Amino acid sequence: MEKLEWRMIGPYRGGRVTAVAGVAAQPQVYYFGATGGGVFKTTDGGFTWIPITDGQVTTGSVGAIGVAESDPNVLYLGMGESPVRGNVSHGDGVYKSTDAGKTWKKTGLEDTRHIGRVRVHPKNADLVYVAALGHLFGPNEQRGIFRSKDGGKTWEKILYRDDKTGAIDLALNPGNPRILYAAFWQVKRTPYSLESGGPGSGLFQSMDGGDTWKEITRNEGLPKGIIGKIGVTVSAANPERVWAMVEAEDGGLFRSDDGGAKWTRVNEDRNLRQRAWYYSHIFADPVKANTVYVLNVEFHRSDDGGKTFTTMGTPHGDNHDLWIAPDSSDRMIGGDDGGAHVSTNGGHSWTEQKQPTAQFYRVALDHDFPYNVYGAQQDNTTVRIASRTTGFGITDRDWWPVAGCESGWIAPSPKDSNIVYAGCYGGVIGRYDRRTRQERDISVYPDNSIGYGAESLKYRFQWNFPIVFSAHNPDLLYAAANVLFQTTNEGQSWTAVSPDLTRNDKSKMGPSGGPITKDNTSIEYYGTIFTVAESPLTKGLLWTGSDDGLVHITRDGGKNWDNVTPKDMPEWIQINSIEPSPFDAGTAYVAATMYKSDDFRPYLYKTADYGRTWKKIVQGIPETAFARVIREDPNRRGLLYAGTETGIYVSFDDGDHWQSLQLNMPVVPITDLAIHKEQKDLVAATQGRSFYILDDLAVLHQTNDTVNKADMHLFQPEDAYRMDGGSPTRPGATIGQNPPSGTVVYYTLSKKPEAKQELTLEFLDSEGKLIRRFTHAKEEKPGESKPEDAGDATLKPEEGANRFVWDLRYPDAVKVPGMILWGGNTNGPLVVPGAYQVRLTLAGKSLTQKFEVKKDPRVAATEEDFRKQQALLLQLRDKFSQTSEAIKRIREVRTQLDAFAKRDDAKEVAEAATALSKKLTGVEEELYQTKNQSSQDPLNFPIKLNNKLAALASTVASADAAPTAQAYVVQEEITTLINAQLAALEGLLKKDLPAFNKLARDKSVPAVK
């Protein structure tokens, strides 16, 4: 199983970034931390980004990055984002690198959960401070300001308020780094509320490097009422100047010009302080004393000490972090909800955000070929992206927005994928027609609810409310609020088919966001149906799960409902997904989350009797990996997949035991999973690394104890499609990966073959005729040895699992070393669609499996077309090989003749050698343009017969179709000319060469071999 590989398909469109940093001494080096996707680094000023924490961190959300100015090889990461929106991901402490991000080591503070700032002393890389917010959903002690004097080996808590308040910002005085300013924030989320502000919030100052602190929250000029979130910064150009962005009823931007003793409110513009819990980010220019930046929905700059601001453009909105080079106001990196961006001109222009860090809430698939993957990207549009292409990767041209917005479920029409239904917060549902590019609003109850609490609503539609088609009626679409609705006329009208299927607890339906700033976007709307699924086996058998912990079932299309909530499940748990079994109507699986109540354990359940009884199925999943989704593979009963906050798991025994299926996927929250039954792919939506696909599920379908114990096993390959498609190989390329173009073969060995043992992998047609043979020593053509220059396609068998990709081609044509061709290649022809076999042999034991090569369903070519094309391509290949062998023989003979031509002791022999060599060269120069030395030389020196042959082969192979009539005509012309030259060569070798050898022997000179 370890040889299976996830492939990232994109889209390459950045997701939320709340941590950025640069290197003062290295102008092209920057870092950003994604809120789910780990840390990325650029060494070319933001044009190419490479992930540098994959496989080394155990959570993916990054809250802060600290780079040591005194030694830029030293970096510290504070894990867990601090702008704590509803889909927040937690962290697991502090990590450190001493080699500029190549390797990472955890250094403690694991229970801080969310870290707002990491500050490194500018002259001592071992002296580091951490502002830890702590648990978001409950009280804990590991929060506040922490300090390490030994590079993270040990930590001391140097400032603490209480178990409900944490540190959100921290600033060091650049002129005297012993002076620190710390901002504390009392904040808490529940499943139904956000509370920003309280008696714990405040501003503190230390004059001795953090040994002692004094509170300055109520210093002259600062707000007197309840305080919420605070951002603080110190001017390097004037270290006595301190700014603070304060959330309060009488809040705004405050400035002190005496190190924090007295303050003046210099700006109360709501554009700077709106939605304060999500922003309140402020940064002083390191060079200009009057310049300060405030980050909010937009990017604001003041050049008059904060009195007035100019709004500057950024690639995306919702700005969260900024780093400015200490010696230049022009060089900076910013982070927002669309990724990271670099500027070299003070923010007037920025690099693109083509980063693979998109966050998706759900995933849906259609039945096209290739199928498309759908999802709603946080703070961006919805996306439809191809699962594979025939190009070199999956590019921007292969995805586009559909209906809905950032938060919604998506439901492509089962009848026509050009029609897509998708949701948006506020209960909005759109119907999108790609042909017209129109999106019609077909909302169930189009009463805009923004700004209102849940208690004011007629129907409670959550931020991420369900929209799903019936498994049995392609005209029946469901949408869920606190009741379930259905439409059969594309949203022209809706009908309620359930009562309120929630607890309907009014005490949990008030406005959210207090006590200072309300924030009602529907994220905290509670008492809603959070997931809906219909049995693929039984029409009208529907399951619903609510965000307040109820599971319901109807077996008659909604006429009657039963509460079948598992009895041992926590009372207020969120039912995140329900999976009706594709094998048994009474069986279903539930994934529920309690993390919004500070419980991070996984909750997975199974019923086999329509919900009357339930069994908890979590053995093997870590206690800290809460699960959002569970799916059953429709091609093997009891094969389950679970997506958790820190990765993906698989069970082969219906949930009794779980094991990791992470493979090569980085640690990232899994928000949803979908399985394409026909193409046998597992698709994962992530919260920070876009979409991933696991091909070759057939390996998992076939895995069992017998396979695991076998000395050698050959898995039956999945059927392959005869279609092009490549994948990028350059690190940092902004292109999604295609599956391998060919047949992927998996086999296992109990031990690595010994040096004297030959392992072979052979591909045969349906009748057993050999097409191609590979070994771990060499590759051979049927009946002859492989030429040394035919390329390296050898096996490299190892103990355990092995993977090999056959490109569906016959052996390549023989090619002369150094040959330059224009508009042609020497690839072997593709096999025609049909039945094939693969045979694995080791130590006299052989295993054989059958598989099929299918044509691209979009192609109109018939079986006869494919066979005609293959027949001609094989003829062209073989004639090219014959030509190459002739050229090799010419060069071999001529090399010997040229040596004779230089002899002074046999003038007659030398003259004869020169003459014969010239004749051979004449033949070669008709077969191949020998003057070509570089790729563009054919523009100067016309191509010759073998190149024309290769070019014709490329023409014939250009598409899945029968050869054109004119292709046969050109083949005949070229072949006739080649045959004439080959006949001339045969005459030279059979007549002229023997005559020369006789002369040579007569003169006592060795003959040409």
# chains A, B, ... in the order shown; residues from 1 in each chain; ligands from 1
>>> residues_around(residues="Phe254 of chain A", least_positions_apart="2", cutoff="9 Å", atoms="only C-alpha atoms", output="compact mmCIF listing (two decimals) with N, CA and C atoms, in the first residue's frame")
# COMPACT_ATOMS: atom_id res chain seq x y z
N GLY A 221 -5.70 58.21 27.57
CA GLY A 221 -6.02 58.27 26.15
C GLY A 221 -6.57 56.99 25.57
N LEU A 222 -6.40 55.84 26.25
CA LEU A 222 -6.92 54.57 25.74
C LEU A 222 -8.37 54.37 26.16
N VAL A 242 4.53 54.31 19.44
CA VAL A 242 3.83 53.03 19.52
C VAL A 242 2.41 53.23 19.01
N TRP A 243 1.95 52.30 18.20
CA TRP A 243 0.57 52.34 17.72
C TRP A 243 -0.19 51.13 18.27
N ALA A 244 -1.47 51.30 18.49
CA ALA A 244 -2.33 50.18 18.90
C ALA A 244 -3.67 50.31 18.20
N MET A 245 -4.12 49.23 17.61
CA MET A 245 -5.47 49.15 17.05
C MET A 245 -6.32 48.41 18.07
N VAL A 246 -7.29 49.10 18.65
CA VAL A 246 -8.02 48.57 19.80
C VAL A 246 -9.49 48.39 19.44
N GLY A 251 -13.23 52.55 20.38
CA GLY A 251 -11.92 52.12 19.92
C GLY A 251 -11.49 52.80 18.64
N GLY A 252 -10.43 52.25 18.04
CA GLY A 252 -9.86 52.81 16.82
C GLY A 252 -8.36 52.68 16.86
N SER A 256 1.00 56.47 20.67
CA SER A 256 1.74 57.05 21.79
C SER A 256 3.09 57.50 21.28
N TRP A 263 -1.60 58.28 25.34
CA TRP A 263 -2.08 57.88 24.02
C TRP A 263 -3.07 58.89 23.46
N THR A 264 -3.14 58.91 22.16
CA THR A 264 -4.12 59.74 21.47
C THR A 264 -4.81 58.90 20.42
N ARG A 265 -6.14 58.96 20.39
CA ARG A 265 -6.85 58.29 19.29
C ARG A 265 -6.71 59.15 18.05
N VAL A 266 -5.98 58.61 17.06
CA VAL A 266 -5.70 59.39 15.86
C VAL A 266 -6.64 59.05 14.72
N ASN A 267 -7.38 57.94 14.83
CA ASN A 267 -8.29 57.57 13.75
C ASN A 267 -9.34 56.58 14.26
N GLU A 268 -10.59 56.86 13.95
CA GLU A 268 -11.67 55.96 14.35
C GLU A 268 -12.46 55.45 13.16
N GLY A 306 -1.00 58.27 11.02
CA GLY A 306 -2.25 57.57 11.28
C GLY A 306 -3.48 58.43 11.19
>>> residues_around(residues="segment 747-756 of chain A", least_positions_apart="6", cutoff="6 Å", atoms="only C-alpha atoms", output="list in words")
Asp711, Met712, His713, Leu714, Phe715, Glu798, Glu799, Gly800, Ala801 and Asn802 of chain A
>>> write_last_selection(atoms="all heavy atoms", output="PDB file, in the first residue's frame")
ATOM      1  N   ASP A 711       4.821 -14.488  -0.600  1.00  0.00           N
ATOM      2  CA  ASP A 711       6.208 -14.192  -0.980  1.00  0.00           C
ATOM      3  C   ASP A 711       6.253 -13.250  -2.178  1.00  0.00           C
ATOM      4  O   ASP A 711       7.150 -12.410  -2.293  1.00  0.00           O
ATOM      5  CB  ASP A 711       6.958 -15.486  -1.321  1.00  0.00           C
ATOM      6  CG  ASP A 711       7.200 -16.345  -0.097  1.00  0.00           C
ATOM      7  OD1 ASP A 711       7.194 -15.802   1.015  1.00  0.00           O
ATOM      8  OD2 ASP A 711       7.381 -17.568  -0.261  1.00  0.00           O
ATOM      9  N   MET A 712       5.283 -13.425  -3.064  1.00  0.00           N
ATOM     10  CA  MET A 712       5.209 -12.578  -4.251  1.00  0.00           C
ATOM     11  C   MET A 712       3.741 -12.462  -4.641  1.00  0.00           C
ATOM     12  O   MET A 712       3.012 -13.444  -4.629  1.00  0.00           O
ATOM     13  CB  MET A 712       6.024 -13.208  -5.394  1.00  0.00           C
ATOM     14  CG  MET A 712       5.999 -12.413  -6.686  1.00  0.00           C
ATOM     15  SD  MET A 712       7.119 -13.106  -7.947  1.00  0.00           S
ATOM     16  CE  MET A 712       6.213 -14.571  -8.454  1.00  0.00           C
ATOM     17  N   HIS A 713       3.319 -11.252  -4.937  1.00  0.00           N
ATOM     18  CA  HIS A 713       1.932 -11.072  -5.353  1.00  0.00           C
ATOM     19  C   HIS A 713       1.876 -10.016  -6.446  1.00  0.00           C
ATOM     20  O   HIS A 713       2.532  -8.972  -6.374  1.00  0.00           O
ATOM     21  CB  HIS A 713       1.049 -10.634  -4.184  1.00  0.00           C
ATOM     22  CG  HIS A 713      -0.393 -10.466  -4.581  1.00  0.00           C
ATOM     23  ND1 HIS A 713      -1.238 -11.532  -4.752  1.00  0.00           N
ATOM     24  CD2 HIS A 713      -1.121  -9.357  -4.878  1.00  0.00           C
ATOM     25  CE1 HIS A 713      -2.431 -11.100  -5.119  1.00  0.00           C
ATOM     26  NE2 HIS A 713      -2.385  -9.779  -5.207  1.00  0.00           N
ATOM     27  N   LEU A 714       1.072 -10.295  -7.452  1.00  0.00           N
ATOM     28  CA  LEU A 714       0.832  -9.361  -8.546  1.00  0.00           C
ATOM     29  C   LEU A 714      -0.630  -8.933  -8.487  1.00  0.00           C
ATOM     30  O   LEU A 714      -1.534  -9.762  -8.606  1.00  0.00           O
ATOM     31  CB  LEU A 714       1.137 -10.022  -9.891  1.00  0.00           C
ATOM     32  CG  LEU A 714       0.849  -9.201 -11.151  1.00  0.00           C
ATOM     33  CD1 LEU A 714       1.730  -7.963 -11.210  1.00  0.00           C
ATOM     34  CD2 LEU A 714       1.056 -10.071 -12.401  1.00  0.00           C
ATOM     35  N   PHE A 715      -0.869  -7.651  -8.283  1.00  0.00           N
ATOM     36  CA  PHE A 715      -2.236  -7.138  -8.243  1.00  0.00           C
ATOM     37  C   PHE A 715      -2.793  -7.006  -9.657  1.00  0.00           C
ATOM     38  O   PHE A 715      -2.061  -6.679 -10.596  1.00  0.00           O
ATOM     39  CB  PHE A 715      -2.273  -5.761  -7.570  1.00  0.00           C
ATOM     40  CG  PHE A 715      -1.984  -5.795  -6.096  1.00  0.00           C
ATOM     41  CD1 PHE A 715      -0.685  -5.678  -5.631  1.00  0.00           C
ATOM     42  CD2 PHE A 715      -3.004  -5.940  -5.177  1.00  0.00           C
ATOM     43  CE1 PHE A 715      -0.406  -5.699  -4.278  1.00  0.00           C
ATOM     44  CE2 PHE A 715      -2.751  -5.968  -3.816  1.00  0.00           C
ATOM     45  CZ  PHE A 715      -1.439  -5.848  -3.365  1.00  0.00           C
ATOM     46  N   GLU A 798      12.148  -3.808  -5.021  1.00  0.00           N
ATOM     47  CA  GLU A 798      12.529  -3.676  -3.630  1.00  0.00           C
ATOM     48  C   GLU A 798      11.682  -4.609  -2.778  1.00  0.00           C
ATOM     49  O   GLU A 798      10.631  -5.088  -3.214  1.00  0.00           O
ATOM     50  CB  GLU A 798      12.320  -2.231  -3.146  1.00  0.00           C
ATOM     51  CG  GLU A 798      13.126  -1.183  -3.878  1.00  0.00           C
ATOM     52  CD  GLU A 798      14.609  -1.248  -3.551  1.00  0.00           C
ATOM     53  OE1 GLU A 798      14.952  -1.850  -2.519  1.00  0.00           O
ATOM     54  OE2 GLU A 798      15.414  -0.703  -4.341  1.00  0.00           O
ATOM     55  N   GLU A 799      12.122  -4.864  -1.578  1.00  0.00           N
ATOM     56  CA  GLU A 799      11.319  -5.623  -0.636  1.00  0.00           C
ATOM     57  C   GLU A 799      10.045  -4.850  -0.322  1.00  0.00           C
ATOM     58  O   GLU A 799      10.065  -3.637  -0.150  1.00  0.00           O
ATOM     59  CB  GLU A 799      12.107  -5.868   0.646  1.00  0.00           C
ATOM     60  CG  GLU A 799      11.333  -6.635   1.706  1.00  0.00           C
ATOM     61  CD  GLU A 799      12.138  -6.837   2.966  1.00  0.00           C
ATOM     62  OE1 GLU A 799      13.377  -6.891   2.870  1.00  0.00           O
ATOM     63  OE2 GLU A 799      11.519  -6.921   4.051  1.00  0.00           O
ATOM     64  N   GLY A 800       8.926  -5.539  -0.298  1.00  0.00           N
ATOM     65  CA  GLY A 800       7.658  -4.886  -0.026  1.00  0.00           C
ATOM     66  C   GLY A 800       6.931  -4.517  -1.296  1.00  0.00           C
ATOM     67  O   GLY A 800       6.987  -5.249  -2.297  1.00  0.00           O
ATOM     68  N   ALA A 801       6.277  -3.363  -1.291  1.00  0.00           N
ATOM     69  CA  ALA A 801       5.462  -2.949  -2.424  1.00  0.00           C
ATOM     70  C   ALA A 801       6.321  -2.338  -3.517  1.00  0.00           C
ATOM     71  O   ALA A 801       7.295  -1.640  -3.254  1.00  0.00           O
ATOM     72  CB  ALA A 801       4.403  -1.965  -1.979  1.00  0.00           C
ATOM     73  N   ASN A 802       5.926  -2.606  -4.767  1.00  0.00           N
ATOM     74  CA  ASN A 802       6.605  -2.054  -5.930  1.00  0.00           C
ATOM     75  C   ASN A 802       5.555  -1.531  -6.906  1.00  0.00           C
ATOM     76  O   ASN A 802       4.436  -2.038  -6.971  1.00  0.00           O
ATOM     77  CB  ASN A 802       7.461  -3.113  -6.621  1.00  0.00           C
ATOM     78  CG  ASN A 802       8.670  -3.510  -5.793  1.00  0.00           C
ATOM     79  OD1 ASN A 802       9.737  -2.935  -5.935  1.00  0.00           O
ATOM     80  ND2 ASN A 802       8.500  -4.506  -4.931  1.00  0.00           N
TER      81      ASN A 802
END
>>> closest_residue(among="A:Leu542, A:Ala24, A:Val373, A:Leu537", to="Asp327 of chain A", atoms="only C-alpha atoms")
A:Ala24
>>> residues_around(residues="segment 909-917 of chain A", least_positions_apart="3", cutoff="9 Å", atoms="only C-alpha atoms", output="list in words")
Ile890, Val893, Arg894, Thr895, Gln896, Leu897, Asp898, Ala899, Phe900, Ala901, Lys902, Arg903, Asp904, Asp905, Ala906, Leu920, Thr921, Gly922, Leu988, Asp992, Leu993, Phe996, Leu999, Ala1000, Lys1003 and Val1005 of chain A
>>> residues_around(residues="Ala953 of chain A", least_positions_apart="3", cutoff="7 Å", atoms="only C-alpha atoms", output="list in words")
Gly824, Leu873, Leu876, Leu949, Ala950, Val956 and Ala957 of chain A
>>> closest_residue(among="A:Gly732, A:Ser958, A:Gly688, A:Leu840", to="Phe774 of chain A", atoms="only C-alpha atoms")
A:Leu840
>>> select_by_dssp(residues="segment 535-653 of chain A", states="strand (DSSP E or B)", output="PyMOL selection string")
chain A and resi 542-546+551-554+562-563+574-580+588-594+599-607+615-616+627-632+640-644+647-651
>>> residues_around(residues="Gly202 of chain A", least_positions_apart="2", cutoff="8 Å", atoms="only C-alpha atoms", output="number ranges by chain")
A: 183-185, 199-200, 204, 215-217, 227-228, 230
>>> write_last_selection(atoms="C-alpha atoms", output="CSV table (one decimal), in the first residue's frame")
chain,number,residue,atom,x,y,z
A,183,ALA,CA,-1.6,42.4,23.6
A,184,PHE,CA,-4.0,40.0,25.4
A,185,TRP,CA,-7.4,38.9,24.0
A,199,PRO,CA,-12.0,41.8,31.3
A,200,GLY,CA,-9.1,39.7,30.3
A,204,PHE,CA,1.1,45.3,28.7
A,215,GLU,CA,-0.5,46.8,32.5
A,216,ILE,CA,-1.0,50.0,30.4
A,217,THR,CA,-4.6,49.2,29.1
A,227,ILE,CA,-11.7,45.8,25.4
A,228,GLY,CA,-11.6,43.2,22.7
A,230,ILE,CA,-5.7,44.6,20.1
>>> closest_residue(among="A:Ser507, A:Gln378, A:Asn635, A:Thr624", to="His90 of chain A", atoms="only C-alpha atoms")
A:Thr624
>>> select_by_dssp(residues="segment 806-975 of chain A", states="alpha helix (DSSP H)", output="count of residues only")
83
>>> residues_around(residues="Gln702 of chain A", least_positions_apart="5", cutoff="10 Å", atoms="only C-alpha atoms", output="PyMOL selection string")
chain A and resi 636+697+707+715-716
>>> residues_around(residues="Cys424 of chain A", least_positions_apart="6", cutoff="9 Å", atoms="only C-alpha atoms", output="PyMOL selection string")
chain A and resi 403-409+430+463-465
>>> closest_atom_pairs(of="segment 690-783 of chain A", to="segment 850-866 of chain A", cutoff="8 Å", atoms="only C-alpha atoms", output="CSV")
residue,atom,partner,partner_atom,distance
A:Gln716,CA,A:Lys850,CA,6.5
A:Pro717,CA,A:Phe851,CA,6.0
A:Glu718,CA,A:Phe851,CA,6.7
A:Asp719,CA,A:Glu852,CA,4.8
A:Ala720,CA,A:Val853,CA,4.8
A:Tyr721,CA,A:Lys854,CA,4.7
A:Arg722,CA,A:Lys855,CA,5.2
A:Met723,CA,A:Asp856,CA,6.3
